[in-house]
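Novice: Attaching a single structure in structure tokens format; questions to follow.
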Amino acid sequence: MFEDLKLSSLPRRRLLSAAATGALGAAAYAAGARAEVRIDITRGRVEPMPIAIPSFPGTTPESTQVGKDAAAVITADLERSGLFRPLDPKGFLQEMSSLDVQPRFTDWRALGAQALVQGVVEAQGTGQMRIAFRPWDVFGGQQINNGKAYGTQPENWRRVAHIIADEIYTAITGESGYFDTRVVYIAESGPQTNRLKRLAIMDQDGANHRYLTDGANLVLTPRFSPTAQEITYLSFFRNVPRVYLFNIDSGRQEVLGDFPGMSYAPRFSPDGNKVVLSAALNGNSDIYEMDLRTRSSRRLTDNPSIDTTPCYSPRGDQICFASDRGGTQQLYVMNTDGTGQQRISFGQNRARYATPVWSPRGDLIAFTRYAGNDGNFYIGVMKPDGSGERLLAQGFSVEGPTWAPNGRVLMYFAQSPNGGRVRLYSIDLTGYNQREILTPGDASDPAWSPLIP
């Protein structure tokens, strides 16, 4: 019933775990008519869809445990998005013992479920496991889309669960998922007068956490490359700001250059061949672009004020940055050759803007805003022309937004008053679904990866 597909037809499915010895294969399950159950996420606040996700039964004790754990990860992913309300398995009336068992839709309707995820985990003779699933429209009594099966090493079950959650999210919302991603951030510890700051990475749900640097040198503001394979970050080597390129798979570090007066790491261009940065190379902070292939750089702004925190648009044709050239720090947009510089933020009451980040969809720019009249910080978004400004989160100190790859969710860090805890939070564009991202200790400067290749 399953048709194996070649890996070349599945560019997102290459496993990155060093423990994986086999490629991740996939098979499409031939389904009947597709249902059209959908969540309309173009509105403001969305009522979460009730969804039932029973444990995936296995063919061996090990695969049974994997099925239970995979269903739990899928459930947590979808619940955390704020768009789904997983139902309590204790109330389920039907045991889904295999994919051959047809759902009794009347039982699932009685529980209020609008969608159902049916799955199974099969142990393979090669030592691999196959995790298969089908999503159902309960009220329509039809499969939502073609089910799929993924063959992988048992230790990679968690990533397969994230991929399945992405498939379900996309089928029901019509938008790309964001669960098969990672977050790199600065792990902080120690007294405020002598903070230890290490580069750390984890899955977007906090699993598979590990440290990438040992804390010997202060590190700041990590950024992902478009391929999700490399990170740029700023480190103070002998008290001189130095920018590094870090390959996640190999652990190899490469020095991009020393930049006196620099306080933020560069951001990659969409094609990954260039980075844009702010540096005081000639005694004043301006915006520069560096070609990573030739290491040549060109100056894009030449202003006696401070120009900083640049980022590219998704198409790579524009750059947004912050500057105090107008008297207070505001946001500006220019072409990538430095022409057409224009201010886009005009906040009232002494509002200042910083750390702009362009949405992957290109429709919004996220930012940090400080409103001098009330002493609060805000995370907000505006259109690239400055219109439609909306503030999503506020606090004593909230900073450093970063986008999920689907452009619907933001992550940022916040510190409690009087030098208290520093934690990561996520919030969607409605401003309602705010959640803490759990980390082993204090955490700042998050950067969200693209979907893992």
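Just so we're on the same page: first chain in the structure tokens is A, next is B, and so on; residues restart at 1 for each chain, and ligands are numbered from 1 in the order they show up.
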Using only C-alpha atoms, which residues sit within 8 Å of Gln415 in chain A once same-chain residues fewer than 4 positions away are excluded, as a list in words?

Specialist: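 Selected residues are Phe396, Ser397, Val398, Gly419, Gly420, Arg421, Val422 and Arg423 of chain A.
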
Novice: May I have the residues from that selection written out with C-alpha atoms, as a PDB file, in the first residue's frame?

Specialist:
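The resulting selection11.pdb:
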ATOM      1  CA  PHE A 396      10.042  45.929  31.892  1.00  0.00           C
ATOM      2  CA  SER A 397      12.573  44.771  29.312  1.00  0.00           C
ATOM      3  CA  VAL A 398      11.495  42.846  26.196  1.00  0.00           C
ATOM      4  CA  GLY A 419      18.240  42.323  37.270  1.00  0.00           C
ATOM      5  CA  GLY A 420      15.970  39.288  37.583  1.00  0.00           C
ATOM      6  CA  ARG A 421      15.519  36.256  35.360  1.00  0.00           C
ATOM      7  CA  VAL A 422      16.021  36.450  31.603  1.00  0.00           C
ATOM      8  CA  ARG A 423      13.712  34.152  29.662  1.00  0.00           C
TER       9      ARG A 423
END

Novice: Among range 211-245 of chain A, which residues carry a DSSP assignment of strand (DSSP E), reported as a list in words?

Specialist: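 So the strand (DSSP E) residues in range 211-245 of chain A would be Tyr211, Val219, Leu220, Thr221, Pro222, Arg223, Phe224, Glu230, Ile231, Thr232, Tyr233, Leu234, Ser235, Phe236, Phe237, Val240, Pro241, Arg242, Val243, Tyr244 and Leu245 of chain A.
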
Novice: When you look at range 287-299 of chain A with a cut-off of 9 Å (counting only C-alpha atoms), what residues show up, excluding the ones that are within fewer than 3 positions of it in the same chain? I need them as a ChimeraX atom specification.

Specialist: /A:256-257,272-280,302,307-310,321,336-338

Novice: Suppose we keep N, CA and C atoms; can you now write the selection as a short mmCIF file (atom, residue, chain, number, x, y, z; two decimals), in the first residue's frame?

Specialist:
data_model
loop_
_atom_site.label_atom_id
_atom_site.label_comp_id
_atom_site.auth_asym_id
_atom_site.auth_seq_id
_atom_site.Cartn_x
_atom_site.Cartn_y
_atom_site.Cartn_z
N LEU A 256 35.32 35.55 10.77
CA LEU A 256 34.90 36.41 9.67
C LEU A 256 35.68 37.72 9.68
N GLY A 257 36.02 38.19 10.88
CA GLY A 257 36.81 39.41 10.97
C GLY A 257 36.69 40.05 12.34
N GLY A 272 22.60 33.62 1.24
CA GLY A 272 23.67 33.13 2.09
C GLY A 272 25.07 33.54 1.67
N ASN A 273 25.20 34.33 0.61
CA ASN A 273 26.52 34.68 0.10
C ASN A 273 27.08 35.96 0.71
N LYS A 274 26.24 36.73 1.37
CA LYS A 274 26.67 38.01 1.94
C LYS A 274 26.14 38.16 3.36
N VAL A 275 26.75 39.06 4.09
CA VAL A 275 26.21 39.47 5.39
C VAL A 275 26.19 40.98 5.43
N VAL A 276 25.23 41.52 6.17
CA VAL A 276 25.15 42.96 6.38
C VAL A 276 25.39 43.21 7.86
N LEU A 277 26.16 44.25 8.17
CA LEU A 277 26.58 44.49 9.55
C LEU A 277 26.74 45.97 9.80
N SER A 278 26.79 46.33 11.07
CA SER A 278 27.12 47.70 11.47
C SER A 278 28.44 47.65 12.21
N ALA A 279 29.33 48.58 11.88
CA ALA A 279 30.65 48.60 12.51
C ALA A 279 31.22 50.01 12.46
N ALA A 280 32.01 50.33 13.46
CA ALA A 280 32.67 51.63 13.52
C ALA A 280 34.07 51.50 12.93
N ASP A 302 26.81 56.50 5.15
CA ASP A 302 27.90 57.42 5.52
C ASP A 302 27.26 58.61 6.20
N ASP A 307 24.29 54.31 12.82
CA ASP A 307 23.46 53.38 12.05
C ASP A 307 23.79 51.96 12.50
N THR A 308 22.77 51.18 12.84
CA THR A 308 23.04 49.87 13.44
C THR A 308 21.94 48.87 13.14
N THR A 309 22.14 47.64 13.55
CA THR A 309 21.22 46.49 13.48
C THR A 309 20.53 46.34 12.13
N PRO A 310 21.29 46.20 11.04
CA PRO A 310 20.65 46.03 9.73
C PRO A 310 20.16 44.60 9.50
N PHE A 321 17.24 49.15 8.94
CA PHE A 321 18.22 49.38 9.99
C PHE A 321 17.71 50.46 10.94
N THR A 336 19.72 47.81 -1.31
CA THR A 336 20.94 47.13 -0.88
C THR A 336 22.21 47.78 -1.39
N ASP A 337 22.10 48.77 -2.28
CA ASP A 337 23.29 49.53 -2.67
C ASP A 337 23.44 50.81 -1.87
N GLY A 338 22.56 51.00 -0.87
CA GLY A 338 22.64 52.18 -0.02
C GLY A 338 21.78 53.35 -0.47
#

Novice: Which residues are near Gly67 in chain A? Cut-off 12 Å, only C-alpha atoms, ignore same chain within fewer than 2 positions. Put them as a ChimeraX atom specification.

Specialist: /A:53-65,69-74,96-98,118-123,129-133,154,157-158,160-161

Novice: What does the file look like for those residues with C-alpha atoms, as a JSON list (two decimals), in the first residue's frame?

Specialist:
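Dumped to result.json:
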[["chain", "number", "residue", "atom", "x", "y", "z"],
["A", 53, "ILE", "CA", -4.38, 12.57, 18.62],
["A", 54, "PRO", "CA", -4.40, 9.01, 20.00],
["A", 55, "SER", "CA", -1.13, 7.25, 20.77],
["A", 56, "PHE", "CA", 0.37, 5.59, 17.70],
["A", 57, "PRO", "CA", 0.33, 1.81, 18.27],
["A", 58, "GLY", "CA", 3.54, -0.13, 17.59],
["A", 59, "THR", "CA", 4.44, -3.60, 16.41],
["A", 60, "THR", "CA", 7.08, -4.15, 19.15],
["A", 61, "PRO", "CA", 7.50, -2.82, 22.70],
["A", 62, "GLU", "CA", 10.12, -0.32, 21.45],
["A", 63, "SER", "CA", 7.98, 0.91, 18.58],
["A", 64, "THR", "CA", 4.96, 1.13, 20.91],
["A", 65, "GLN", "CA", 6.93, 3.50, 23.17],
["A", 69, "ASP", "CA", 6.18, 9.60, 22.57],
["A", 70, "ALA", "CA", 5.67, 10.74, 18.95],
["A", 71, "ALA", "CA", 1.98, 11.37, 19.52],
["A", 72, "ALA", "CA", 2.85, 13.42, 22.62],
["A", 73, "VAL", "CA", 5.30, 15.59, 20.64],
["A", 74, "ILE", "CA", 2.79, 16.14, 17.84],
["A", 96, "MET", "CA", -7.03, 3.11, 16.98],
["A", 97, "SER", "CA", -5.03, -0.12, 16.93],
["A", 98, "SER", "CA", -3.82, 0.16, 13.31],
["A", 118, "GLN", "CA", -4.39, 8.28, 13.19],
["A", 119, "GLY", "CA", -0.93, 6.74, 13.21],
["A", 120, "VAL", "CA", 1.18, 3.62, 13.63],
["A", 121, "VAL", "CA", 4.86, 2.76, 14.21],
["A", 122, "GLU", "CA", 6.20, -0.36, 12.51],
["A", 123, "ALA", "CA", 9.54, -1.97, 13.34],
["A", 129, "MET", "CA", 11.15, 2.18, 12.06],
["A", 130, "ARG", "CA", 8.35, 3.42, 9.86],
["A", 131, "ILE", "CA", 6.05, 6.05, 11.32],
["A", 132, "ALA", "CA", 2.84, 6.45, 9.31],
["A", 133, "PHE", "CA", -0.13, 8.74, 9.85],
["A", 154, "PRO", "CA", 14.60, 4.81, 15.97],
["A", 157, "TRP", "CA", 11.61, 9.62, 16.01],
["A", 158, "ARG", "CA", 11.33, 13.09, 17.55],
["A", 160, "VAL", "CA", 9.73, 12.75, 12.41],
["A", 161, "ALA", "CA", 7.07, 13.81, 14.94]]

Novice: Quick one: everything within 9 Å of Lys383 in chain A, counting only C-alpha atoms, minus sequence neighbours fewer than 6 positions away in the same chain. Send it as a list in words.

Specialist: Ile344, Gly362, Asp363, Leu364, Ile365, Ala366 and Glu389 of chain A

Novice: I want to know what sits within 12 Å of Val240 in chain A, based on only C-alpha atoms, with residues of the same chain fewer than 6 positions away left out; could you give that as a ChimeraX atom specification?

Specialist: /A:217-219,234,257-263

Novice: Can you spit out the residues from that selection as a compact mmCIF listing (two decimals), in the first residue's frame, using C-alpha atoms?

Specialist:
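Result written to selection.txt:
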# COMPACT_ATOMS: atom_id res chain seq x y z
CA ASN A 217 34.75 34.31 25.69
CA LEU A 218 31.64 36.46 25.83
CA VAL A 219 29.25 35.72 22.92
CA LEU A 234 29.77 38.07 17.92
CA GLY A 257 36.81 39.41 10.97
CA ASP A 258 37.57 41.79 13.84
CA PHE A 259 35.25 44.79 14.04
CA PRO A 260 36.12 47.37 16.73
CA GLY A 261 33.03 49.13 18.03
CA MET A 262 30.68 46.41 16.85
CA SER A 263 27.90 45.30 19.21
